[in-house]
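Note: the block below is structure-v7.cif and it holds mmCIF, C-alpha atoms, pLDDT in the B column; chains and numbers go by the auth columns.
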```
data_input
loop_
_atom_site.group_PDB
_atom_site.id
_atom_site.type_symbol
_atom_site.label_atom_id
_atom_site.label_comp_id
_atom_site.label_asym_id
_atom_site.label_seq_id
_atom_site.Cartn_x
_atom_site.Cartn_y
_atom_site.Cartn_z
_atom_site.B_iso_or_equiv
_atom_site.auth_seq_id
_atom_site.auth_asym_id
ATOM 1 C CA MET A 1 39.831 -44.179 27.375 54.00 1 M
ATOM 2 C CA TRP A 2 38.960 -40.759 26.069 54.00 2 M
ATOM 3 C CA ASN A 3 39.295 -42.048 22.504 58.00 3 M
ATOM 4 C CA TYR A 4 36.693 -44.706 23.307 59.00 4 M
ATOM 5 C CA PHE A 5 34.478 -42.025 24.864 60.00 5 M
ATOM 6 C CA ILE A 6 34.716 -39.706 21.844 58.00 6 M
ATOM 7 C CA SER A 7 34.055 -42.670 19.545 58.00 7 M
ATOM 8 C CA ASP A 8 30.936 -43.508 21.575 59.00 8 M
ATOM 9 C CA LEU A 9 29.646 -39.953 21.185 59.00 9 M
ATOM 10 C CA PHE A 10 30.522 -39.619 17.506 52.00 10 M
ATOM 11 C CA PRO A 11 30.729 -43.059 15.898 56.00 11 M
ATOM 12 C CA LEU A 12 32.817 -42.980 12.738 50.00 12 M
ATOM 13 C CA PRO A 13 34.050 -45.754 10.468 52.00 13 M
ATOM 14 C CA ASP A 14 37.084 -47.523 11.897 54.00 14 M
ATOM 15 C CA PHE A 15 39.265 -48.783 9.059 54.00 15 M
ATOM 16 C CA ASP A 16 42.209 -50.146 10.975 55.00 16 M
ATOM 17 C CA SER A 17 41.061 -51.544 14.334 57.00 17 M
ATOM 18 C CA GLU A 18 41.500 -55.111 13.076 57.00 18 M
ATOM 19 C CA VAL A 19 44.963 -54.346 11.710 55.00 19 M
ATOM 20 C CA ILE A 20 46.094 -52.789 15.007 57.00 20 M
ATOM 21 C CA SER A 21 44.592 -55.706 16.928 55.00 21 M
ATOM 22 C CA LYS A 22 46.519 -58.185 14.767 57.00 22 M
ATOM 23 C CA ILE A 23 49.728 -56.201 15.187 57.00 23 M
ATOM 24 C CA SER A 24 49.363 -56.125 18.971 57.00 24 M
ATOM 25 C CA ASN A 25 48.693 -59.864 19.126 58.00 25 M
ATOM 26 C CA THR A 26 51.331 -61.119 16.717 61.00 26 M
ATOM 27 C CA SER A 27 54.246 -58.739 16.456 67.00 27 M
ATOM 28 C CA TYR A 28 56.486 -57.205 19.079 77.00 28 M
ATOM 29 C CA PHE A 29 58.024 -55.103 16.318 81.00 29 M
ATOM 30 C CA GLY A 30 54.582 -53.805 15.340 79.00 30 M
ATOM 31 C CA SER A 31 53.816 -52.909 18.937 81.00 31 M
ATOM 32 C CA LEU A 32 57.219 -51.229 19.249 87.00 32 M
ATOM 33 C CA ALA A 33 56.487 -49.213 16.100 86.00 33 M
ATOM 34 C CA ILE A 34 53.089 -48.084 17.392 86.00 34 M
ATOM 35 C CA CYS A 35 54.210 -47.365 20.968 91.00 35 M
ATOM 36 C CA ILE A 36 57.704 -45.938 20.502 94.00 36 M
ATOM 37 C CA VAL A 37 58.850 -45.342 16.914 93.00 37 M
ATOM 38 C CA GLY A 38 55.603 -43.773 15.650 92.00 38 M
ATOM 39 C CA PRO A 39 55.299 -41.229 18.465 95.00 39 M
ATOM 40 C CA PHE A 40 59.014 -40.391 18.196 96.00 40 M
ATOM 41 C CA VAL A 41 58.859 -39.748 14.442 95.00 41 M
ATOM 42 C CA GLU A 42 55.480 -37.998 14.488 96.00 42 M
ATOM 43 C CA GLU A 43 56.431 -35.640 17.308 96.00 43 M
ATOM 44 C CA PHE A 44 59.802 -34.731 15.850 96.00 44 M
ATOM 45 C CA VAL A 45 58.288 -34.097 12.416 96.00 45 M
ATOM 46 C CA LEU A 46 55.115 -32.309 13.509 95.00 46 M
ATOM 47 C CA ARG A 47 56.116 -30.479 16.673 95.00 47 M
ATOM 48 C CA GLY A 48 59.894 -30.390 16.353 94.00 48 M
ATOM 49 C CA SER A 49 59.891 -29.296 12.705 95.00 49 M
ATOM 50 C CA LEU A 50 56.504 -28.102 11.409 96.00 50 M
ATOM 51 C CA GLU A 51 55.258 -26.343 14.541 95.00 51 M
ATOM 52 C CA ARG A 52 58.674 -24.850 15.282 95.00 52 M
ATOM 53 C CA MET A 53 58.900 -23.494 11.717 94.00 53 M
ATOM 54 C CA ILE A 54 55.418 -21.924 11.912 94.00 54 M
ATOM 55 C CA LEU A 55 56.157 -20.520 15.377 93.00 55 M
ATOM 56 C CA LYS A 56 59.252 -18.750 14.018 91.00 56 M
ATOM 57 C CA GLY A 57 57.206 -17.167 11.244 86.00 57 M
ATOM 58 C CA ASN A 58 54.267 -16.176 13.472 83.00 58 M
ATOM 59 C CA LYS A 59 55.715 -15.129 16.814 79.00 59 M
ATOM 60 C CA GLY A 60 52.553 -13.403 17.983 78.00 60 M
ATOM 61 C CA ARG A 61 50.170 -16.260 17.106 86.00 61 M
ATOM 62 C CA PRO A 62 51.311 -19.548 18.652 92.00 62 M
ATOM 63 C CA TRP A 63 47.812 -21.031 18.368 93.00 63 M
ATOM 64 C CA LEU A 64 48.097 -20.929 14.587 94.00 64 M
ATOM 65 C CA ALA A 65 51.163 -23.169 14.715 95.00 65 M
ATOM 66 C CA ILE A 66 49.560 -25.453 17.296 95.00 66 M
ATOM 67 C CA LEU A 67 46.327 -25.822 15.295 95.00 67 M
ATOM 68 C CA ILE A 68 48.092 -26.410 11.978 96.00 68 M
ATOM 69 C CA SER A 69 50.366 -29.108 13.420 96.00 69 M
ATOM 70 C CA ALA A 70 47.345 -30.680 15.178 95.00 70 M
ATOM 71 C CA ALA A 71 45.306 -30.656 11.954 96.00 71 M
ATOM 72 C CA VAL A 72 48.122 -32.331 10.036 96.00 72 M
ATOM 73 C CA PHE A 73 48.466 -34.852 12.866 95.00 73 M
ATOM 74 C CA GLY A 74 44.750 -35.647 12.726 91.00 74 M
ATOM 75 C CA VAL A 75 44.580 -35.956 8.942 91.00 75 M
ATOM 76 C CA MET A 76 47.720 -38.079 8.679 91.00 76 M
ATOM 77 C CA HIS A 77 46.019 -40.774 10.780 83.00 77 M
ATOM 78 C CA VAL A 78 43.595 -41.212 7.814 77.00 78 M
ATOM 79 C CA ASN A 79 41.244 -43.448 9.814 75.00 79 M
ATOM 80 C CA PRO A 80 38.006 -41.469 10.434 75.00 80 M
ATOM 81 C CA ALA A 81 37.664 -43.003 13.912 71.00 81 M
ATOM 82 C CA GLN A 82 41.049 -41.533 14.892 79.00 82 M
ATOM 83 C CA ILE A 83 41.047 -38.146 13.180 82.00 83 M
ATOM 84 C CA SER A 84 39.074 -36.168 15.781 81.00 84 M
ATOM 85 C CA TYR A 85 40.896 -37.691 18.736 81.00 85 M
ATOM 86 C CA SER A 86 44.265 -37.271 17.010 88.00 86 M
ATOM 87 C CA PHE A 87 43.469 -33.627 16.294 90.00 87 M
ATOM 88 C CA LEU A 88 42.584 -32.985 19.946 86.00 88 M
ATOM 89 C CA SER A 89 45.689 -34.859 21.109 90.00 89 M
ATOM 90 C CA GLY A 90 47.723 -32.866 18.610 93.00 90 M
ATOM 91 C CA ILE A 91 46.508 -29.631 20.201 92.00 91 M
ATOM 92 C CA LEU A 92 47.666 -30.923 23.577 91.00 92 M
ATOM 93 C CA TYR A 93 51.053 -32.089 22.268 94.00 93 M
ATOM 94 C CA GLY A 94 51.507 -28.794 20.403 95.00 94 M
ATOM 95 C CA TRP A 95 50.660 -26.713 23.451 92.00 95 M
ATOM 96 C CA ILE A 96 53.055 -28.740 25.596 92.00 96 M
ATOM 97 C CA TYR A 97 55.781 -28.295 22.989 95.00 97 M
ATOM 98 C CA PHE A 98 55.133 -24.543 22.853 93.00 98 M
ATOM 99 C CA LYS A 99 55.139 -24.138 26.633 91.00 99 M
ATOM 100 C CA LEU A 100 58.095 -26.368 27.496 90.00 100 M
ATOM 101 C CA LYS A 101 60.200 -25.644 24.378 92.00 101 M
ATOM 102 C CA SER A 102 61.026 -29.344 24.105 94.00 102 M
ATOM 103 C CA VAL A 103 59.617 -32.127 21.971 96.00 103 M
ATOM 104 C CA TRP A 104 60.459 -34.829 24.534 96.00 104 M
ATOM 105 C CA PRO A 105 57.439 -34.368 26.838 93.00 105 M
ATOM 106 C CA SER A 106 55.167 -34.737 23.792 95.00 106 M
ATOM 107 C CA VAL A 107 57.043 -37.842 22.650 96.00 107 M
ATOM 108 C CA ILE A 108 56.653 -39.394 26.099 95.00 108 M
ATOM 109 C CA LEU A 109 52.977 -38.485 26.419 93.00 109 M
ATOM 110 C CA HIS A 110 52.253 -39.717 22.887 94.00 110 M
ATOM 111 C CA SER A 111 54.075 -43.002 23.630 95.00 111 M
ATOM 112 C CA ILE A 112 52.120 -43.468 26.857 92.00 112 M
ATOM 113 C CA ASN A 113 48.867 -42.806 25.010 88.00 113 M
ATOM 114 C CA ASN A 114 49.652 -45.332 22.277 88.00 114 M
ATOM 115 C CA SER A 115 50.873 -47.882 24.823 90.00 115 M
ATOM 116 C CA ILE A 116 47.675 -47.598 26.850 85.00 116 M
ATOM 117 C CA SER A 117 45.678 -48.047 23.643 81.00 117 M
ATOM 118 C CA MET A 118 47.642 -51.172 22.807 83.00 118 M
ATOM 119 C CA ILE A 119 47.100 -52.541 26.328 83.00 119 M
ATOM 120 C CA LEU A 120 43.367 -51.889 26.101 79.00 120 M
ATOM 121 C CA ILE A 121 43.215 -53.646 22.732 77.00 121 M
ATOM 122 C CA GLN A 122 45.136 -56.574 24.216 77.00 122 M
ATOM 123 C CA PHE A 123 42.945 -56.973 27.304 79.00 123 M
ATOM 124 C CA PHE A 124 39.621 -55.937 25.777 76.00 124 M
ATOM 125 C CA PRO A 125 39.768 -57.153 22.160 72.00 125 M
ATOM 126 C CA ASN A 126 35.997 -57.396 21.675 72.00 126 M
ATOM 127 C CA ASP A 127 34.998 -54.202 23.455 65.00 127 M
ATOM 128 C CA ASP A 128 34.191 -51.437 21.014 66.00 128 M
ATOM 129 C CA ARG A 129 32.728 -49.008 23.519 70.00 129 M
ATOM 130 C CA LEU A 130 34.102 -47.517 26.718 70.00 130 M
ATOM 131 C CA ILE A 131 31.182 -48.799 28.791 73.00 131 M
ATOM 132 C CA ASP A 132 32.090 -52.348 27.708 76.00 132 M
ATOM 133 C CA ILE A 133 35.498 -52.035 29.351 75.00 133 M
ATOM 134 C CA PHE A 134 33.743 -51.230 32.630 77.00 134 M
ATOM 135 C CA ASN A 135 31.314 -54.167 32.247 80.00 135 M
ATOM 136 C CA GLY A 136 28.377 -51.791 31.873 78.00 136 M
ATOM 137 C CA ASN A 137 29.065 -50.011 35.179 81.00 137 M
ATOM 138 C CA THR A 138 28.328 -46.369 34.334 82.00 138 M
ATOM 139 C CA ILE A 139 29.222 -45.079 37.803 86.00 139 M
ATOM 140 C CA ILE A 140 32.744 -46.549 37.763 85.00 140 M
ATOM 141 C CA MET A 141 33.222 -45.353 34.189 80.00 141 M
ATOM 142 C CA CYS A 142 32.188 -41.785 35.105 82.00 142 M
ATOM 143 C CA ILE A 143 34.382 -41.787 38.221 88.00 143 M
ATOM 144 C CA THR A 144 37.361 -42.989 36.181 83.00 144 M
ATOM 145 C CA LEU A 145 36.784 -40.414 33.434 80.00 145 M
ATOM 146 C CA SER A 146 36.345 -37.670 36.039 86.00 146 M
ATOM 147 C CA PHE A 147 39.549 -38.710 37.794 87.00 147 M
ATOM 148 C CA THR A 148 41.519 -38.677 34.540 80.00 148 M
ATOM 149 C CA LEU A 149 40.059 -35.304 33.595 80.00 149 M
ATOM 150 C CA ILE A 150 40.940 -33.801 36.995 87.00 150 M
ATOM 151 C CA LEU A 151 44.460 -35.236 36.768 83.00 151 M
ATOM 152 C CA PHE A 152 44.781 -33.897 33.229 77.00 152 M
ATOM 153 C CA ILE A 153 43.627 -30.376 34.177 82.00 153 M
ATOM 154 C CA TYR A 154 45.890 -30.387 37.244 82.00 154 M
ATOM 155 C CA SER A 155 48.842 -31.348 35.028 78.00 155 M
ATOM 156 C CA LEU A 156 48.086 -28.552 32.572 75.00 156 M
ATOM 157 C CA ILE A 157 47.886 -26.041 35.411 81.00 157 M
ATOM 158 C CA LYS A 158 51.230 -27.257 36.789 78.00 158 M
ATOM 159 C CA ILE A 159 52.810 -26.857 33.357 73.00 159 M
ATOM 160 C CA GLU A 160 51.372 -23.330 33.032 71.00 160 M
ATOM 161 C CA VAL A 161 52.537 -22.311 36.509 68.00 161 M
ATOM 162 C CA ARG A 162 55.963 -23.914 36.064 63.00 162 M
ATOM 163 C CA VAL A 163 56.614 -22.102 32.819 58.00 163 M
#
```
Can you dump the structure from the file as structure tokens?
Amino acid sequence: MWNYFISDLFPLPDFDSEVISKISNTSYFGSLAICIVGPFVEEFVLRGSLERMILKGNKGRPWLAILISAAVFGVMHVNPAQISYSFLSGILYGWIYFKLKSVWPSVILHSINNSISMILIQFFPNDDRLIDIFNGNTIIMCITLSFTLILFIYSLIKIEVRV
């Protein structure tokens, strides 16, 4: 949902929405690649290898490693409509990796994110904006976004306190 929201605020060309839509409608293997294999590979390469390597070389500056891995994550998505959201997600995944010292939470979160995206594409194939998913109901959309933001912040606080 947040990807839709960011895209509404900053509309950018979307080169692969039709391709992803076709994959989700015609191929279980394509959906498996987007929801499971892609997140697994991307997280192990970017967080498990790249970020870990930069963290070892810059012990006092973890944000450098997090930002570099997030930037690579954003750019590797190539599609302008996904770059900003991927970069922001990459910061989150990198921070989680840094805090929990494990790539698995990032893999799981990344898989959930991609799976939700695939479900939204499946159920709302013609809706290009977040407000369309909520049938134009701004109040419900804002409540939902607020709820997800509160849940997200609460989760980050729990991770910080736990570690």
Residue neighbourhood Val41 (chain M), 9 Å, all atoms listed in the file, exclusion window fewer than 5 positions, as a PyMOL selection string: chain M and resi 36+46+107
Using the chain letters and numbers from the file, which residues does the PyMOL selection byres ((chain M and resi 45) around 12) grab, as a count of residues only? 24
Residue by residue, what does the PyMOL selection byres ((chain M and resi 71) around 10) grab here? Present the result as a ChimeraX atom specification. /M:65-70,72-76,83-84,86-88,90-91
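For the set M:Leu156, M:Tyr28, M:Gln122, M:Phe134, the residue with the smallest atom-to-atom gap to Tyr93 (chain M) is M:Leu156, counting only C-alpha atoms.
For the pair CA of His110 (chain M) and CA of Met141 (chain M), the interatomic distance is 22.8 Å.
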Your completed region 92-103 of chain M with all heavy atoms, as a CSV table (one decimal), in the coordinates of the input:
```csv
chain,number,residue,atom,x,y,z
M,92,LEU,N,47.0,-30.7,22.3
M,92,LEU,CA,47.7,-30.9,23.6
M,92,LEU,C,49.2,-31.0,23.4
M,92,LEU,O,50.0,-30.3,24.0
M,92,LEU,CB,47.1,-32.2,24.3
M,92,LEU,CG,47.9,-32.6,25.6
M,92,LEU,CD1,47.8,-31.5,26.6
M,92,LEU,CD2,47.5,-33.9,26.1
M,93,TYR,N,49.6,-31.9,22.5
M,93,TYR,CA,51.1,-32.1,22.3
M,93,TYR,C,51.7,-30.8,21.8
M,93,TYR,O,52.8,-30.4,22.2
M,93,TYR,CB,51.3,-33.2,21.3
M,93,TYR,CG,50.8,-34.5,21.6
M,93,TYR,CD1,50.4,-35.4,20.6
M,93,TYR,CD2,50.6,-34.9,23.0
M,93,TYR,CE1,49.9,-36.7,21.0
M,93,TYR,CE2,50.1,-36.2,23.3
M,93,TYR,CZ,49.7,-37.1,22.3
M,93,TYR,OH,49.2,-38.3,22.6
M,94,GLY,N,51.0,-30.1,20.9
M,94,GLY,CA,51.5,-28.8,20.4
M,94,GLY,C,51.6,-27.7,21.5
M,94,GLY,O,52.6,-27.0,21.5
M,95,TRP,N,50.6,-27.7,22.4
M,95,TRP,CA,50.7,-26.7,23.5
M,95,TRP,C,51.8,-27.0,24.4
M,95,TRP,O,52.5,-26.1,24.9
M,95,TRP,CB,49.3,-26.7,24.2
M,95,TRP,CG,49.3,-25.7,25.3
M,95,TRP,CD1,49.1,-24.4,25.2
M,95,TRP,CD2,49.4,-26.0,26.7
M,95,TRP,NE1,49.1,-23.8,26.5
M,95,TRP,CE2,49.3,-24.8,27.4
M,95,TRP,CE3,49.7,-27.2,27.4
M,95,TRP,CZ2,49.4,-24.7,28.8
M,95,TRP,CZ3,49.8,-27.1,28.8
M,95,TRP,CH2,49.6,-25.9,29.4
M,96,ILE,N,52.0,-28.3,24.7
M,96,ILE,CA,53.1,-28.7,25.6
M,96,ILE,C,54.4,-28.4,25.0
M,96,ILE,O,55.3,-27.9,25.6
M,96,ILE,CB,53.0,-30.2,25.9
M,96,ILE,CG1,51.8,-30.5,26.9
M,96,ILE,CG2,54.2,-30.8,26.6
M,96,ILE,CD1,51.4,-31.9,27.1
M,97,TYR,N,54.5,-28.6,23.7
M,97,TYR,CA,55.8,-28.3,23.0
M,97,TYR,C,56.0,-26.8,23.1
M,97,TYR,O,57.1,-26.3,23.4
M,97,TYR,CB,55.7,-28.7,21.5
M,97,TYR,CG,56.9,-28.2,20.7
M,97,TYR,CD1,58.2,-28.8,20.9
M,97,TYR,CD2,56.8,-27.1,19.9
M,97,TYR,CE1,59.3,-28.3,20.2
M,97,TYR,CE2,57.8,-26.6,19.2
M,97,TYR,CZ,59.1,-27.2,19.3
M,97,TYR,OH,60.2,-26.7,18.6
M,98,PHE,N,55.0,-26.0,22.8
M,98,PHE,CA,55.1,-24.5,22.9
M,98,PHE,C,55.5,-24.1,24.2
M,98,PHE,O,56.4,-23.2,24.4
M,98,PHE,CB,53.8,-23.9,22.4
M,98,PHE,CG,53.8,-22.4,22.6
M,98,PHE,CD1,54.6,-21.6,21.8
M,98,PHE,CD2,53.0,-21.9,23.6
M,98,PHE,CE1,54.5,-20.2,22.0
M,98,PHE,CE2,53.0,-20.5,23.8
M,98,PHE,CZ,53.7,-19.7,23.0
M,99,LYS,N,54.9,-24.6,25.3
M,99,LYS,CA,55.1,-24.1,26.6
M,99,LYS,C,56.5,-24.6,27.2
M,99,LYS,O,57.2,-23.8,27.8
M,99,LYS,CB,54.0,-24.7,27.6
M,99,LYS,CG,52.8,-23.9,27.5
M,99,LYS,CD,53.1,-22.4,27.8
M,99,LYS,CE,51.9,-21.7,28.2
M,99,LYS,NZ,52.2,-20.3,28.5
M,100,LEU,N,56.9,-25.8,26.9
M,100,LEU,CA,58.1,-26.4,27.5
M,100,LEU,C,59.3,-26.2,26.6
M,100,LEU,O,60.4,-26.5,27.0
M,100,LEU,CB,57.9,-27.8,27.9
M,100,LEU,CG,56.8,-28.0,28.9
M,100,LEU,CD1,56.6,-29.5,29.2
M,100,LEU,CD2,57.0,-27.3,30.2
M,101,LYS,N,59.1,-25.8,25.3
M,101,LYS,CA,60.2,-25.6,24.4
M,101,LYS,C,61.0,-26.9,24.2
M,101,LYS,O,62.2,-26.9,23.9
M,101,LYS,CB,61.1,-24.5,24.8
M,101,LYS,CG,60.4,-23.2,25.1
M,101,LYS,CD,59.9,-22.6,23.9
M,101,LYS,CE,59.3,-21.2,24.2
M,101,LYS,NZ,57.9,-21.1,24.1
M,102,SER,N,60.4,-28.1,24.3
M,102,SER,CA,61.0,-29.3,24.1
M,102,SER,C,60.0,-30.3,23.5
M,102,SER,O,58.9,-30.3,23.9
M,102,SER,CB,61.5,-29.9,25.4
M,102,SER,OG,62.0,-31.2,25.3
M,103,VAL,N,60.5,-31.1,22.6
M,103,VAL,CA,59.6,-32.1,22.0
M,103,VAL,C,59.5,-33.4,22.8
M,103,VAL,O,58.5,-34.2,22.7
M,103,VAL,CB,60.1,-32.4,20.5
M,103,VAL,CG1,61.3,-33.3,20.5
M,103,VAL,CG2,59.0,-33.1,19.7
```
